[in-house]
file work-v1.cif (mmCIF, C-alpha atoms)
data_model
loop_
_atom_site.label_atom_id
_atom_site.label_comp_id
_atom_site.auth_asym_id
_atom_site.auth_seq_id
_atom_site.Cartn_x
_atom_site.Cartn_y
_atom_site.Cartn_z
CA MET A 217 16.67 27.22 -2.65
CA VAL A 218 17.69 26.75 0.98
CA GLU A 219 14.06 27.07 2.01
CA ILE A 220 12.99 24.41 -0.49
CA ARG A 221 15.68 22.01 0.74
CA SER A 222 14.67 22.61 4.30
CA ARG A 223 10.98 21.97 3.51
CA LEU A 224 11.89 18.81 1.65
CA ARG A 225 14.07 17.52 4.46
CA ARG A 226 11.30 18.08 7.02
CA LEU A 227 8.82 16.24 4.82
CA VAL A 228 11.14 13.28 4.25
CA VAL A 229 11.84 12.99 7.99
CA THR A 230 8.12 13.18 8.83
CA ARG A 231 7.21 10.58 6.23
CA ARG A 232 9.98 8.23 7.31
CA ALA A 233 8.83 8.57 10.92
CA SER A 234 5.27 7.75 9.86
CA GLN A 235 6.41 4.67 7.91
CA LEU A 236 8.54 3.43 10.80
CA ALA A 237 5.77 4.00 13.34
CA ALA A 238 3.30 2.06 11.17
CA ALA A 239 5.77 -0.81 10.68
CA LEU A 240 6.48 -1.01 14.41
CA LEU A 241 2.82 -0.74 15.44
CA ALA A 242 1.72 -3.37 12.93
CA ASN A 243 4.53 -5.71 13.94
CA GLY A 244 4.92 -4.90 17.61
CA TYR A 245 4.35 -8.36 19.08
CA LEU A 246 7.83 -8.93 20.49
CA PRO A 247 7.17 -12.39 22.03
CA GLY A 248 6.48 -13.62 18.50
CA PHE A 249 9.97 -12.70 17.38
CA LEU A 250 11.53 -14.12 20.53
CA LYS A 251 9.63 -17.42 20.56
CA GLY A 252 9.04 -17.92 16.84
CA THR A 253 5.25 -17.91 17.17
CA ILE A 254 2.45 -15.61 15.97
CA TYR A 255 0.09 -13.35 17.91
CA GLN A 256 -3.35 -14.92 18.40
CA GLY A 257 -5.20 -12.20 20.29
CA PRO A 258 -8.34 -10.17 19.51
CA VAL A 259 -6.58 -7.34 17.66
CA LYS A 260 -6.47 -9.71 14.71
CA HIS A 261 -10.17 -9.00 14.18
CA PHE A 262 -8.87 -5.84 12.53
CA CYS A 263 -7.10 -5.49 9.18
CA VAL A 264 -4.32 -2.97 8.72
CA PRO A 265 -4.85 -0.95 5.52
CA PHE A 266 -1.54 -2.09 3.96
CA LEU A 267 0.25 -5.27 2.98
CA ASN A 268 1.51 -6.87 6.21
CA CYS A 269 1.56 -10.64 6.48
CA TYR A 270 -0.49 -11.90 9.42
CA SER A 271 1.93 -14.78 9.81
CA CYS A 272 4.77 -12.43 10.58
CA PRO A 273 5.81 -13.29 14.16
CA GLY A 274 5.29 -9.68 15.17
CA ALA A 275 2.00 -9.01 13.33
CA LEU A 276 -0.68 -7.67 15.65
CA ALA A 277 -3.43 -7.34 13.04
CA ALA A 278 -4.57 -9.06 9.86
CA CYS A 279 -3.44 -8.45 6.28
CA PRO A 280 -6.35 -7.24 4.12
CA VAL A 281 -5.19 -9.09 1.00
CA GLY A 282 -4.63 -12.34 2.89
CA SER A 283 -7.93 -12.03 4.74
CA PHE A 284 -9.93 -11.23 1.60
CA GLN A 285 -8.46 -14.20 -0.24
CA ALA A 286 -8.77 -16.62 2.68
CA ILE A 287 -12.48 -15.83 3.06
CA LEU A 288 -13.03 -16.07 -0.69
CA ALA A 289 -11.20 -19.39 -0.85
CA ALA A 290 -13.17 -20.97 2.00
CA PRO A 291 -16.33 -23.01 1.30
CA GLY A 292 -19.13 -20.59 0.47
CA HIS A 293 -16.62 -18.36 -1.40
CA ALA A 294 -17.91 -15.15 0.19
CA VAL A 295 -16.65 -11.76 -0.93
CA SER A 296 -15.60 -10.06 2.28
CA LEU A 297 -17.65 -6.92 2.66
CA TYR A 298 -15.75 -6.04 5.82
CA VAL A 299 -12.34 -6.01 4.13
CA THR A 300 -13.68 -4.40 0.94
CA GLY A 301 -15.33 -1.70 3.04
CA LEU A 302 -12.19 -0.98 5.09
CA LEU A 303 -10.12 -0.62 1.93
CA THR A 304 -12.79 1.50 0.23
CA VAL A 305 -12.96 3.91 3.17
CA THR A 306 -9.16 4.15 3.27
CA GLY A 307 -8.93 4.73 -0.49
CA ALA A 308 -11.80 7.21 -0.53
CA VAL A 309 -10.19 9.28 2.21
CA TRP A 310 -6.49 9.19 1.26
CA GLY A 311 -6.11 7.42 -2.07
CA ARG A 312 -2.68 5.85 -2.31
CA ALA A 313 -1.21 7.85 0.56
CA VAL A 314 -1.21 4.62 2.58
CA CYS A 315 1.45 3.26 0.20
CA GLY A 316 3.67 6.27 0.70
CA TRP A 317 3.15 6.94 4.39
CA LEU A 318 2.30 3.65 6.11
CA CYS A 319 3.17 0.49 4.17
CA PRO A 320 6.12 -1.36 5.77
CA PHE A 321 7.04 -3.08 2.51
CA GLY A 322 7.07 0.31 0.83
CA LEU A 323 9.50 1.41 3.53
CA VAL A 324 11.75 -1.58 2.83
CA GLN A 325 11.77 -0.68 -0.86
CA GLU A 326 12.63 2.95 -0.15
CA LEU A 327 15.38 2.12 2.31
CA LEU A 328 17.05 -0.14 -0.24
CA ALA A 329 16.73 2.32 -3.12
CA ARG A 330 19.97 3.91 -4.17
CA ARG A 331 20.00 7.53 -5.20
CA ARG A 332 19.73 6.79 -8.91
CA ALA A 333 16.71 4.48 -8.41
CA ALA A 334 14.34 7.44 -8.27
CA GLY A 335 15.33 8.58 -11.73
CA ALA A 336 15.59 5.15 -13.35
CA ARG A 337 13.42 4.74 -16.43
CA PHE A 338 10.67 2.20 -15.98
CA PRO A 339 8.80 0.33 -18.75
CA ARG A 340 5.29 1.77 -18.67
CA ALA A 341 3.77 -1.51 -19.89
CA LEU A 342 4.75 -3.16 -16.61
CA LEU A 343 2.61 -0.69 -14.66
CA SER A 344 -0.53 -2.41 -15.95
CA LEU A 345 0.53 -5.81 -14.60
CA LYS A 346 -0.74 -5.04 -11.12
CA TYR A 347 -4.30 -4.53 -12.36
CA GLY A 348 -4.24 -8.07 -13.76
CA VAL A 349 -2.85 -9.25 -10.42
CA LEU A 350 -5.67 -7.39 -8.64
CA VAL A 351 -8.32 -9.09 -10.79
CA LEU A 352 -6.77 -12.52 -10.24
CA THR A 353 -6.37 -11.88 -6.51
CA VAL A 354 -10.06 -11.17 -6.06
CA THR A 355 -11.36 -13.92 -8.33
CA LEU A 356 -9.00 -16.90 -8.48
CA PRO A 357 -9.52 -18.16 -4.90
CA ALA A 358 -13.19 -18.75 -5.78
CA ILE A 359 -12.49 -20.24 -9.22
CA TRP A 360 -9.37 -22.38 -8.95
CA LEU A 361 -10.52 -24.93 -6.42
CA GLY A 362 -8.78 -27.91 -4.92
CA ALA A 363 -10.02 -30.82 -2.85
CA GLY A 364 -13.37 -30.21 -1.14
CA GLY A 365 -14.10 -27.17 -3.31
CA VAL A 366 -11.63 -25.03 -1.38
CA GLY A 367 -9.41 -22.48 -3.10
CA ALA A 368 -6.22 -20.88 -1.82
CA PRO A 369 -4.88 -17.36 -1.32
CA TYR A 370 -2.98 -17.52 -4.58
CA PHE A 371 -1.38 -14.07 -4.39
CA CYS A 372 0.06 -14.92 -0.96
CA LYS A 373 1.06 -18.37 -2.16
CA TYR A 374 2.88 -17.51 -5.37
CA LEU A 375 3.70 -13.81 -5.45
CA CYS A 376 3.72 -11.91 -2.19
CA PRO A 377 7.34 -11.06 -1.31
CA ALA A 378 6.20 -9.37 1.92
CA GLY A 379 4.88 -12.75 3.09
CA THR A 380 8.14 -14.45 2.16
CA LEU A 381 10.13 -11.86 4.06
CA GLU A 382 7.87 -11.66 7.12
CA ALA A 383 6.47 -15.18 7.39
CA GLY A 384 8.73 -17.36 5.24
CA LEU A 385 12.09 -16.16 6.50
CA LEU A 386 11.17 -15.03 10.01
CA LEU A 387 8.86 -17.92 10.88
CA GLY A 388 9.18 -20.75 8.33
CA LEU A 389 12.95 -21.06 8.50
CA ARG A 390 12.97 -20.78 12.27
CA ASP A 391 10.23 -23.26 13.18
CA PRO A 392 11.66 -26.82 13.37
CA ALA A 393 8.22 -28.24 12.53
CA LEU A 394 7.90 -26.10 9.38
CA ARG A 395 11.48 -26.24 8.14
CA PRO A 396 11.32 -29.79 6.70
CA LEU A 397 8.22 -28.78 4.69
CA LEU A 398 9.97 -26.02 2.79
CA GLY A 399 10.41 -27.08 -0.83
CA THR A 400 10.06 -25.88 -4.39
CA LEU A 401 7.36 -23.32 -3.64
CA PHE A 402 9.45 -21.77 -0.89
CA ALA A 403 12.46 -21.69 -3.22
CA TRP A 404 10.37 -19.87 -5.85
CA LYS A 405 9.16 -17.35 -3.31
CA VAL A 406 12.65 -16.71 -1.98
CA ALA A 407 13.96 -16.29 -5.54
CA LEU A 408 11.18 -13.78 -6.29
CA LEU A 409 11.91 -11.87 -3.08
CA ALA A 410 15.63 -11.85 -3.89
CA ALA A 411 14.91 -10.55 -7.39
CA PHE A 412 12.79 -7.73 -5.96
CA LEU A 413 15.40 -6.89 -3.34
CA VAL A 414 17.97 -6.46 -6.09
CA LEU A 415 15.55 -4.47 -8.26
CA MET A 416 14.74 -2.19 -5.34
CA THR A 417 18.28 -0.87 -5.38
CA VAL A 418 18.04 0.32 -8.97
CA ILE A 419 14.32 0.97 -9.48
CA PHE A 420 12.11 2.93 -7.10
CA ARG A 421 9.42 0.70 -5.53
CA PRO A 422 9.40 -2.03 -8.20
CA PHE A 423 6.91 -4.23 -6.33
CA CYS A 424 4.38 -1.43 -5.80
CA ARG A 425 4.56 -0.52 -9.47
CA THR A 426 4.29 -3.99 -10.97
CA LEU A 427 2.56 -6.50 -8.69
CA CYS A 428 0.89 -4.99 -5.63
CA PRO A 429 -2.89 -5.54 -5.86
CA LEU A 430 -3.49 -3.18 -2.95
CA GLY A 431 -1.58 -0.38 -4.66
CA ALA A 432 -3.63 -1.04 -7.81
CA PHE A 433 -6.85 -0.81 -5.79
CA TYR A 434 -5.91 2.37 -3.93
CA GLY A 435 -4.63 3.94 -7.15
CA LEU A 436 -8.17 3.82 -8.53
CA PHE A 437 -9.16 6.25 -5.76
CA ASN A 438 -6.40 8.81 -6.29
CA GLY A 439 -8.57 11.04 -8.46
CA LEU A 440 -11.64 10.59 -6.26
CA SER A 441 -10.38 10.76 -2.69
CA LEU A 442 -11.32 13.42 -0.17
CA TRP A 443 -7.68 14.40 0.33
CA ARG A 444 -5.90 14.84 -2.95
CA LEU A 445 -3.39 16.97 -4.77
CA HIS A 446 -4.59 20.31 -6.07
CA LEU A 447 -2.82 22.14 -8.84
CA ASP A 448 -3.42 25.85 -9.20
CA ALA A 449 -2.91 26.34 -12.93
CA ARG A 450 -2.71 30.13 -12.47
CA ARG A 451 0.33 29.80 -10.22
CA CYS A 452 2.09 27.01 -12.13
CA ASN A 453 4.94 28.38 -14.25
CA ARG A 454 5.73 25.01 -15.85
CA CYS A 455 9.24 25.00 -14.40
CA GLY A 456 9.17 21.18 -14.21
CA ALA A 457 10.49 20.98 -10.64
CA CYS A 458 7.62 18.66 -9.65
CA ARG A 459 8.39 16.27 -12.52
CA ARG A 460 12.07 16.19 -11.69
CA ILE A 461 11.58 15.41 -8.01
CA CYS A 462 8.89 12.73 -8.54
CA PRO A 463 10.50 9.32 -7.94
CA LEU A 464 7.70 7.69 -9.94
CA GLN A 465 8.24 9.96 -12.95
CA ILE A 466 4.71 11.31 -12.94
CA ARG A 467 3.94 14.46 -14.92
CA VAL A 468 2.53 16.11 -11.84
CA ASP A 469 1.71 19.38 -13.57
CA GLU A 470 -0.49 17.49 -16.06
CA GLU A 471 -2.02 14.80 -13.86
CA PRO A 472 -1.41 15.52 -10.17
CA ASN A 473 -3.62 12.63 -9.03
CA HIS A 474 -2.13 9.98 -11.29
CA ARG A 475 -2.88 6.38 -10.25
CA GLU A 476 0.80 5.68 -9.67
CA CYS A 477 1.24 8.52 -7.19
CA THR A 478 1.93 7.25 -3.66
CA ARG A 479 1.59 10.79 -2.33
CA CYS A 480 5.04 11.30 -0.94
CA LEU A 481 4.20 15.01 -1.47
CA GLU A 482 7.75 15.99 -2.39
CA CYS A 483 6.35 17.80 -5.43
CA THR A 484 4.39 20.12 -3.14
CA ARG A 485 7.60 21.05 -1.32
CA VAL A 486 9.74 21.84 -4.34
CA CYS A 487 7.12 23.86 -6.21
CA PRO A 488 8.60 27.37 -6.18
CA THR A 489 5.25 29.09 -6.71
CA GLY A 490 3.17 27.04 -4.27
CA ALA A 491 0.93 25.86 -7.10
CA LEU A 492 0.66 22.35 -5.68
CA ARG A 493 -0.96 21.44 -2.41
CA PHE A 494 -2.35 18.31 -0.82
CA GLY A 495 -5.54 19.05 0.98
CA LEU A 496 -9.12 18.44 1.88
CA THR A 497 -11.80 20.31 0.07
CA GLY A 498 -12.70 23.38 2.01
CA GLY A 499 -10.49 22.25 4.89
CA ARG A 500 -7.05 23.18 6.08
CA GLU A 501 -4.16 22.09 3.95
CA ALA A 502 -2.44 18.88 4.87
CA GLY A 503 0.66 19.30 2.77
CA GLY A 504 0.57 22.61 1.02
CA ALA A 505 3.51 24.78 0.22
CA ARG A 506 3.98 28.49 0.46
CA PRO A 507 5.60 30.11 -2.53
CA VAL A 508 9.27 30.76 -2.09
CA HIS A 509 9.89 34.47 -1.58
CA GLY A 510 10.21 36.24 -4.91
CA MET A 511 8.98 33.32 -7.00
CA ARG A 512 5.71 33.78 -8.85
CA ALA A 513 4.20 32.26 -11.93
CA GLY A 514 5.90 33.49 -15.06
CA LYS A 515 9.15 34.35 -13.31
CA ASP A 516 12.34 32.37 -13.76
CA MET B 1427 -8.56 25.48 -5.71
CA ARG B 1428 -11.65 23.88 -4.24
CA LEU B 1429 -13.10 20.71 -5.62
CA PRO B 1430 -16.41 21.21 -7.33
CA GLY B 1431 -19.28 20.21 -5.03
CA GLY B 1432 -20.09 17.15 -7.13
CA GLU B 1433 -16.61 15.71 -6.77
CA ARG B 1434 -16.60 16.37 -3.06
CA MET B 1435 -19.96 14.68 -2.76
CA SER B 1436 -18.82 11.63 -4.74
CA ALA B 1437 -15.82 11.25 -2.42
CA LEU B 1438 -18.08 11.44 0.60
CA LEU B 1439 -20.49 8.94 -0.96
CA LEU B 1440 -17.58 6.55 -1.46
CA VAL B 1441 -16.62 6.88 2.19
CA LEU B 1442 -20.22 6.23 3.21
CA ALA B 1443 -20.46 3.25 0.85
CA GLY B 1444 -17.28 1.86 2.39
CA LEU B 1445 -18.65 2.33 5.89
CA ALA B 1446 -21.89 0.61 4.86
CA LEU B 1447 -19.86 -2.34 3.55
CA VAL B 1448 -17.91 -2.52 6.81
CA GLY B 1449 -21.19 -2.50 8.75
CA ALA B 1450 -22.69 -5.21 6.55
CA GLY B 1451 -19.53 -7.28 6.89
CA LEU B 1452 -19.54 -6.93 10.65
CA ALA B 1453 -23.20 -7.94 10.75
CA ARG B 1454 -22.28 -11.08 8.80
CA GLY B 1455 -19.61 -11.91 11.37
CA GLU B 1456 -16.72 -11.34 9.00
CA ALA B 1457 -14.45 -9.80 11.64
CA GLY B 1458 -14.61 -13.17 13.39
CA ALA B 1459 -13.78 -14.91 10.11
CA VAL B 1460 -10.77 -12.62 9.67
CA LEU B 1461 -9.63 -13.45 13.21
CA VAL B 1462 -9.95 -17.19 12.59
CA LYS B 1463 -7.75 -16.94 9.48
CA ALA B 1464 -5.25 -14.53 11.00
CA VAL B 1465 -4.49 -16.47 14.18
CA ARG B 1466 -3.45 -19.56 12.23
CA ILE B 1467 -0.10 -19.80 10.53
CA CYS B 1468 -0.62 -19.15 6.82
CA LEU B 1469 1.31 -21.94 5.12
CA GLU B 1470 0.80 -20.39 1.70
CA CYS B 1471 2.35 -17.12 2.89
CA ILE B 1472 5.43 -18.99 4.08
CA GLY B 1473 5.64 -20.94 0.84
CA ILE B 1474 4.50 -24.37 1.97
CA GLY B 1475 0.78 -24.53 1.15
#
call {"tool": "encode", "arguments": {"input": "work-v1.cif", "output": "structure tokens"}}
result
Amino acid sequence: MVEIRSRLRRLVVTRRASQLAAALLANGYLPGFLKGTIYQGPVKHFCVPFLNCYSCPGALAACPVGSFQAILAAPGHAVSLYVTGLLTVTGAVWGRAVCGWLCPFGLVQELLARRRAAGARFPRALLSLKYGVLVLTVTLPAIWLGAGGVGAPYFCKYLCPAGTLEAGLLLGLRDPALRPLLGTLFAWKVALLAAFLVLMTVIFRPFCRTLCPLGAFYGLFNGLSLWRLHLDARRCNRCGACRRICPLQIRVDEEPNHRECTRCLECTRVCPTGALRFGLTGGREAGGARPVHGMRAGKD
Amino acid sequence: MRLPGGERMSALLLVLAGLALVGAGLARGEAGAVLVKAVRICLECIGIG
């Protein structure tokens, strides 16, 4: 038991460090925060693989969802092969591990979650919402057109709470030229962000589970990715430890690569028989667990 | 514990397909298009647009 707790603690610390490092690297432009401006250098050719508003004063790179929509909305309505390719490579290698290990908004949600949030029951019907959001995100900017045949990044405009937090509050409220322009739309976005911030305390990662189009996209790769969870059915003794520890209430022993899994890997650490591992085919294990001494399949 | 060869191959094909898309996008100058969008303040993101 002590060994399991120790393994779990090491994993949580490592994952938190990874999330913090990604958040700081993606938003490391300090002059932006000090002056209330945004970075305009060449690193913004590159998209980070997670939701991170490029109008955050600290953002050093572009947001893939914002970039995809902005290109789709522009005259010509091109589907960005560059962004689609970057996200496909990321998903095909890691699946949704980006959500669990890198995404700064995922970190915000986890930091706000109270202890009981992980076990809170969640309406399964709401999990499907994000697939609708994904479809609308990648189509609406080319369909719903305004003056001059130009669309808009509708997900960013109406839904994205990360944009409200990073760009709306950190830049919009601070810039004297932008402040007078804030109206009903801003109020809606702040209300939505506030609602999610409250929900985050009682439900684990409510935004990822209901609205995030990037999470929906990466989730499609969970069962296909190069690195994925492996369950050794011969070792599994159906003790249910993996189900109990999963903050997303996934039946890990039945579907280890479920689309909702953000690959926090806690299940691999609590498995007493070492039946679960996260690894690359034929390669060394990236998150495997040794069986706890004395515990084997079939034993209590 | 190992993935069957077919599954491994499909994952690798996906990675290659993704890389091909990135290459095609770069050839079309999309990284420049991303830069152009990302260096301007996104009014929609703030809640103005």
call {"tool": "resolve_selection", "arguments": {"input": "work-v1.cif", "expression": "the PyMOL selection byres ((chain B) within 6 of (chain A))", "output": "ChimeraX atom specification"}}
result
/B:1428-1429,1437,1440-1441,1444-1445,1447-1448,1451,1457,1460-1461,1464-1465,1467-1468,1470-1474
call {"tool": "resolve_selection", "arguments": {"input": "work-v1.cif", "expression": "the PyMOL selection byres ((chain A and resi 227) around 10)", "output": "PDB file with C-alpha atoms, in the frame of the given file"}}
result
ATOM      1  CA  ARG A 221      15.680  22.010   0.740  1.00  0.00           C
ATOM      2  CA  SER A 222      14.670  22.610   4.300  1.00  0.00           C
ATOM      3  CA  ARG A 223      10.980  21.970   3.510  1.00  0.00           C
ATOM      4  CA  LEU A 224      11.890  18.810   1.650  1.00  0.00           C
ATOM      5  CA  ARG A 225      14.070  17.520   4.460  1.00  0.00           C
ATOM      6  CA  ARG A 226      11.300  18.080   7.020  1.00  0.00           C
ATOM      7  CA  VAL A 228      11.140  13.280   4.250  1.00  0.00           C
ATOM      8  CA  VAL A 229      11.840  12.990   7.990  1.00  0.00           C
ATOM      9  CA  THR A 230       8.120  13.180   8.830  1.00  0.00           C
ATOM     10  CA  ARG A 231       7.210  10.580   6.230  1.00  0.00           C
ATOM     11  CA  ARG A 232       9.980   8.230   7.310  1.00  0.00           C
ATOM     12  CA  ALA A 233       8.830   8.570  10.920  1.00  0.00           C
ATOM     13  CA  CYS A 480       5.040  11.300  -0.940  1.00  0.00           C
ATOM     14  CA  LEU A 481       4.200  15.010  -1.470  1.00  0.00           C
ATOM     15  CA  GLU A 482       7.750  15.990  -2.390  1.00  0.00           C
ATOM     16  CA  THR A 484       4.390  20.120  -3.140  1.00  0.00           C
ATOM     17  CA  ARG A 485       7.600  21.050  -1.320  1.00  0.00           C
ATOM     18  CA  GLY A 503       0.660  19.300   2.770  1.00  0.00           C
TER      19      GLY A 503
END
call {"tool": "resolve_selection", "arguments": {"input": "work-v1.cif", "expression": "the PyMOL selection byres ((chain A and resi 350) around 8)", "output": "VMD selection string"}}
result
chain A and resid 346 to 349 351 to 354 428 to 430 432 to 433
call {"tool": "axis_aligned_box", "arguments": {"input": "work-v1.cif", "around": "stretch 1435-1454 of chain B", "padding_each_side": "5 Å", "output": "JSON"}}
result
{"center_x": -19.5, "center_y": 1.8, "center_z": 3.0, "size_x": 17.4, "size_y": 35.8, "size_z": 25.5}
call {"tool": "atom_distance", "arguments": {"input": "work-v1.cif", "atom1": "atom CA of A:Cys424", "atom2": "atom CA of A:Thr355"}}
result
20.3 Å
call {"tool": "atom_distance", "arguments": {"input": "work-v1.cif", "atom1": "atom CA of B:Ala1453", "atom2": "atom CA of A:Val281"}}
result
20.5 Å
call {"tool": "atom_distance", "arguments": {"input": "work-v1.cif", "atom1": "atom CA of A:Ala290", "atom2": "atom CA of A:Gly367"}}
result
6.5 Å
call {"tool": "closest_residue", "arguments": {"input": "work-v1.cif", "among": "A:Leu356, A:Gln285, A:Arg331, A:Arg337", "to": "B:Ala1459", "atoms": "all atoms listed in the file"}}
result
A:Gln285
call {"tool": "residues_around", "arguments": {"input": "work-v1.cif", "residues": "stretch 458-473 of chain A", "least_positions_apart": "4", "cutoff": "6 Å", "atoms": "only C-alpha atoms", "output": "PyMOL selection string"}}
result
chain A and resi 334+438-439+445+483
call {"tool": "residues_around", "arguments": {"input": "work-v1.cif", "residues": "A:Leu240", "least_positions_apart": "4", "cutoff": "9 Å", "atoms": "only C-alpha atoms", "output": "number ranges by chain"}}
result
A: 235-236, 244-245, 274, 320
call {"tool": "residues_near_point", "arguments": {"input": "work-v1.cif", "point": "(20.9, 7.6, -9.6)", "cutoff": "12 Å", "atoms": "only C-alpha atoms", "output": "VMD selection string"}}
result
chain A and resid 329 to 337 417 to 420 463
call {"tool": "build_atoms", "arguments": {"input": "work-v1.cif", "residues": "stretch 1450-1475 of chain B", "atoms": "N, CA and C atoms", "output": "tab-separated table (two decimals), keeping the file's coordinate frame"}}
result
chain	number	residue	atom	x	y	z
B	1450	ALA	N	-22.06	-3.98	7.03
B	1450	ALA	CA	-22.69	-5.21	6.55
B	1450	ALA	C	-21.78	-6.41	6.82
B	1451	GLY	N	-20.49	-6.20	6.63
B	1451	GLY	CA	-19.53	-7.28	6.89
B	1451	GLY	C	-19.50	-7.66	8.36
B	1452	LEU	N	-19.54	-6.66	9.21
B	1452	LEU	CA	-19.54	-6.93	10.65
B	1452	LEU	C	-20.81	-7.68	11.05
B	1453	ALA	N	-21.94	-7.27	10.45
B	1453	ALA	CA	-23.20	-7.94	10.75
B	1453	ALA	C	-23.18	-9.40	10.31
B	1454	ARG	N	-22.39	-9.68	9.27
B	1454	ARG	CA	-22.28	-11.08	8.80
B	1454	ARG	C	-21.24	-11.87	9.58
B	1455	GLY	N	-20.61	-11.22	10.55
B	1455	GLY	CA	-19.61	-11.91	11.37
B	1455	GLY	C	-18.26	-12.06	10.70
B	1456	GLU	N	-17.96	-11.17	9.75
B	1456	GLU	CA	-16.72	-11.34	9.00
B	1456	GLU	C	-15.47	-10.99	9.81
B	1457	ALA	N	-15.63	-10.11	10.81
B	1457	ALA	CA	-14.45	-9.80	11.64
B	1457	ALA	C	-13.98	-11.07	12.35
B	1458	GLY	N	-14.94	-11.89	12.76
B	1458	GLY	CA	-14.61	-13.17	13.39
B	1458	GLY	C	-13.92	-14.10	12.40
B	1459	ALA	N	-14.40	-14.06	11.14
B	1459	ALA	CA	-13.78	-14.91	10.11
B	1459	ALA	C	-12.34	-14.47	9.85
B	1460	VAL	N	-12.13	-13.15	9.86
B	1460	VAL	CA	-10.77	-12.62	9.67
B	1460	VAL	C	-9.87	-13.10	10.82
B	1461	LEU	N	-10.40	-13.02	12.04
B	1461	LEU	CA	-9.63	-13.45	13.21
B	1461	LEU	C	-9.24	-14.93	13.08
B	1462	VAL	N	-10.21	-15.75	12.70
B	1462	VAL	CA	-9.95	-17.19	12.59
B	1462	VAL	C	-8.81	-17.47	11.60
B	1463	LYS	N	-8.82	-16.74	10.48
B	1463	LYS	CA	-7.75	-16.94	9.48
B	1463	LYS	C	-6.42	-16.40	9.99
B	1464	ALA	N	-6.49	-15.24	10.67
B	1464	ALA	CA	-5.25	-14.53	11.00
B	1464	ALA	C	-4.50	-15.12	12.20
B	1465	VAL	N	-5.19	-15.90	13.02
B	1465	VAL	CA	-4.49	-16.47	14.18
B	1465	VAL	C	-3.85	-17.83	13.86
B	1466	ARG	N	-4.10	-18.32	12.65
B	1466	ARG	CA	-3.45	-19.56	12.23
B	1466	ARG	C	-2.27	-19.22	11.33
B	1467	ILE	N	-1.26	-20.04	11.39
B	1467	ILE	CA	-0.10	-19.80	10.53
B	1467	ILE	C	-0.51	-20.06	9.08
B	1468	CYS	N	-0.26	-19.07	8.24
B	1468	CYS	CA	-0.62	-19.15	6.82
B	1468	CYS	C	0.51	-19.88	6.09
B	1469	LEU	N	0.26	-21.14	5.78
B	1469	LEU	CA	1.31	-21.94	5.12
B	1469	LEU	C	1.62	-21.42	3.72
B	1470	GLU	N	0.57	-20.93	3.05
B	1470	GLU	CA	0.80	-20.39	1.70
B	1470	GLU	C	1.72	-19.18	1.75
B	1471	CYS	N	1.52	-18.33	2.78
B	1471	CYS	CA	2.35	-17.12	2.89
B	1471	CYS	C	3.82	-17.49	3.07
B	1472	ILE	N	4.06	-18.55	3.83
B	1472	ILE	CA	5.43	-18.99	4.08
B	1472	ILE	C	6.02	-19.60	2.81
B	1473	GLY	N	5.17	-20.27	2.03
B	1473	GLY	CA	5.64	-20.94	0.84
B	1473	GLY	C	5.62	-22.45	1.00
B	1474	ILE	N	4.63	-22.92	1.75
B	1474	ILE	CA	4.50	-24.37	1.97
B	1474	ILE	C	3.20	-24.88	1.32
B	1475	GLY	N	2.16	-24.11	1.45
B	1475	GLY	CA	0.78	-24.53	1.15
B	1475	GLY	C	0.53	-25.23	-0.15
